[in-house]
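Trainee: Below is a structure I'd like to ask you about.
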Amino acid sequence: MSTFQIKNLEEYFQVYRKSVETPELFWAEVAEEHFLWHKRWDKVLSWDFSKPEVKWFEGAKLNITENCLDRHLLNRGDKTAILFEPNDPNEPAQHISYRELYERVNKFANVLKAQGIGKGDRVCIYLPMIPELAISVLACARIGAIHSVVFAGFSSTALATRINDSDCKMVITSDGSYRGGKVIDLKTIVDEALEECSTVETVLVVRRIQAEVPMKEGRDKWLQPLLDEASSECAAEVMDAEDPLFILYTSGSTGRPKGMVHTTAGYMVYTAYTFKNVFQYEEDDIYWCTADIGWITGHSYIVYGPLANGATTLMFEGVPSYPDWGRFWQVVEKHKVTQFYTAPTAIRALARQGMEYVEKYDLSSLKILGTVGEPINDEAWHWYNNHIGKGRCPIVDTWWQTETGGILISPIPFSTPTKPTFATLPLPGVQPVLMDEEGREVQGRSVSGRLAIKFPWPSMARTIWGNHERYRETYFSAFPGKYFTGDGALRDAEGYYRITGRVDDVIIVSGHNLGTAPIEAAINEHPVVAESAIVGFPHEIKGNALYGYVILKPAGEELDPNALRKEINALIAGQIGPIAKLDKIQFVSGLPKTRSGKIMRRILRKIANNDFENLGDISTLLNPEVVEEIIKNRL
Ligand code: PRX
């Protein structure tokens with residue numbers, strides 16, 4: 001039996017037991033067998049969830065890019081590492097071999113060094129899904145710089161907040177991007193953001209759309225001429241196991257986005273191990289994850305996990321609907337994709353388009369289908385299973401988070417029998433528990449509760465950049481001694497987990513985590529808005545959509561409500577990004593509040609969900625009369 005790959009259910013149970021009974025031995029064996037280390041660790045694990053402090057493979061020395069690139073040169077030099085499929089189907093795909101990727105990463109790393117970037121410096125990457133995005137991520141890791149990738153759909157304000165939070169010294173962007181039929185002017189967004197940022201010394205600009213863009217003297221530099229001058233050999237910086245590898249921001253239920261810090265060795269070992277097992281990757285497979293590298297899914301399962309396994313990872317620049325809704329299936333046929341990993345929101349949108357888009361293409365290369373980002377509903381699961389997998393491809397419903405770094409709960413395909421809407425069983429090393437409202441562990445089967453994890457796993461985030469106390473408070477205070485996920489879950493009679501959704505004020509819209517507080521803050525910036533509250537309501541394609549209740553100042557009551565709705569959404573798009581726009585905006589005279597002044601979101605949520613028959617006791621509210629008005633005028 002190989003330590004690294006689980007091949008059947010019996011092995012899964014054996015390995016799982018070992019990973020719980022002797023976690024250090026288990027992870028040491030995984031780490032020993034499959035990676036390149038400059039120095040072995042002194043201690044596999046030390047941890048204390050009360051501080052919280054977690055260290056994996058302490059004392060080890062390594063560079064993750066040697067594991068993703070150098071060590072494959074001998075046997076896989078000519079194998080395609082990154083298969084780039086452009087937005088425009090008529091533009092040729094690019095097959096970037098491991099050797100070419102190695103050279104391009106090394107050149108880029110030398111450019112970073114020449115521009116004054118060194119170990120520990122933060123580099124913000126704001127790029128579309130083009131090869132340079134993966135290459136710049138790896139180039140940072142090569143020299144020990146900490147990358148902070150910001151999804152290129154975020155607005156200039158959101159970008160500036162993230163650059164400033166971690167004092168980035170450099171921004172890497174492009175002259176623009178293609179997304180479906182649209183061209184997006186990324187450089188202008190960066191220029192606007194940088195008016196608010198004082199730490200950025202250099203902006204490297206990749207050419208993608210051949211646009212004329214203003215270049216600020218002394219600060220902005222075209223990347224290509226610098227690459228042309230650079231050597232294709234750059235010695236990898238030798239990193240400590242616990243040196244930060246990257247920061248990735250995720251929305252919180254309150255306050256500013258949280259810069260989750262992931263470190264080097266544990267993250268590498270865990271993402272590589274879970275990639276191999278969850279996707280059962282074999283040497284000639286063509287693996288495609290449709291996420292953007294701007295999210296954790298792209299970091300762990302487009303870049304690091306696949307490359308650490310010497311896989312071919314497909315990077316897609318476009319969108320599922322361009323030039324038509326057959327695009328995903330056309331790409332699957334064209335490149336003979338074997339593993340396909342996407343989000344429920346995409347599946348629901350695709351399922352609505354009719355079968356002609358699917359039937360046109362040969363999907364027989366597919367072996368395994370994956371889903372991530374939000375609960376998958378029964379209907380979407382069956383459509384995916386029947387029409388894409390043709391009933392023969394196991395679906396891996398993978399549950400995890402930006403904070404967890406890698407997949408924690410998922411079937412192992414061909415081993416774990418799948419069950420629609422269930423993420424099934426924890427992966428080796430993962431010890432989930434369900435907690436009740438009083439903070440007690442819920443034992444047994446056929447139970448539900450709040451999902452927490454009671455033992456560390458190698459790829460967990462170690463802190464929030466610059467705010468360790470917020471990290472403790474957010475994840476380790478609800479249930480002392482345990483990591484709290486913010487999700488609700490149930491465990492069925494077989495011990496399978498089903499994740500039911502967030503139990504905090506994070507709303508998942510089209511697979512994107514959105515905190516209510518920053519959206520409310522954006523709305524409240526409108527000069528005629530007095531106060532607002534956001535809740536989620538079910539949406540056929542997006543999973544959830546946003547419903548806003550807005551109190552206007554007297555001056556606003558004179559204005560055209562539809563024009564105001566547009567202005568409010570424009571504000572949100574400007575402050576956060578178009579993904580956070582509201583589907584419904586109801587103007588109200590008040591918001592239901594407790595006597596201590598707290599907004600009762602539970603009531604607002606029920607009204608938005610058309611479930612207002614049974615609101616419970618509202619007589620203790622400060623202003624119960626407002627509830628009737630809100631129900632009467634609901635949208
Ligand atoms: O609520 C869970 C949901 O997405 C949240 C994490 O979001 P984010 O940090 O953006 O990472 C998304 C990609 C890993 C979780 O707290 N979620 C993620 N996967 C699933 C899911 N909910 C149900 N089923 C899943 N498979």
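Ordered as shown in the structure tokens, chains take letters A, B, and onward, while each chain numbers its residues from 1 and ligands are numbered from 1 in the order shown.
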Check region 223-280 of chain A with DSSP on the backbone and list each residue it calls strand (DSSP E or B), as a PyMOL selection string.
Mentor: chain A and resi 239-240+244-250+258-263
Trainee: Taking only C-alpha atoms and all ligand atoms into account, which residues are within 8 Å of ligand 1, as an MDAnalysis selection string?
Mentor: chainID A and resid 250 295:297 371:376 397:403 405:407 409:410 421:423 485:487 498:502 508 511:513
Trainee: Identify which of the residues A:Val442, A:Ile247, A:Val319, A:Val396 lies closest to Ile464 (chain A), counting only C-alpha atoms when measuring atom-to-atom distances.
Mentor: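 Using only C-alpha atoms, Ile464 (chain A) sits closest to A:Ile247.
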Trainee: Which residues, written as a list in words, have at least one atom at most 10 Å from Ala31 (chain A), with only C-alpha atoms counted and residues fewer than 5 positions away on the same chain left out?
Mentor: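 Those residues are Thr3, Phe4, Leu25, Phe26, Leu36, Trp37, Arg40, Trp41, Val44, Phe57, Ala265, Gly266, Met268, Val269, Tyr270, Ala272 and Tyr273 of chain A.
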Trainee: Provide the CA of Thr345 (chain A) to CA of Phe537 (chain A) distance in Å, to one decimal place.
Mentor: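 CA of Phe537 (chain A) lies 14.5 Å from CA of Thr345 (chain A).
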Trainee: Could you tell me, as an MDAnalysis selection string, which residues of region 224-321 of chain A DSSP assigns to helix (DSSP H, G or I) when given the backbone?
Mentor: chainID A and resid 224:229 265:279 296:308
Trainee: Could you check which of A:Glu212, A:Asp228, A:Glu242, A:Glu91 is closest to Thr463 (chain A), using only C-alpha atoms?
Mentor: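 When distances to Thr463 (chain A) are compared using only C-alpha atoms, the smallest one comes from A:Glu242.
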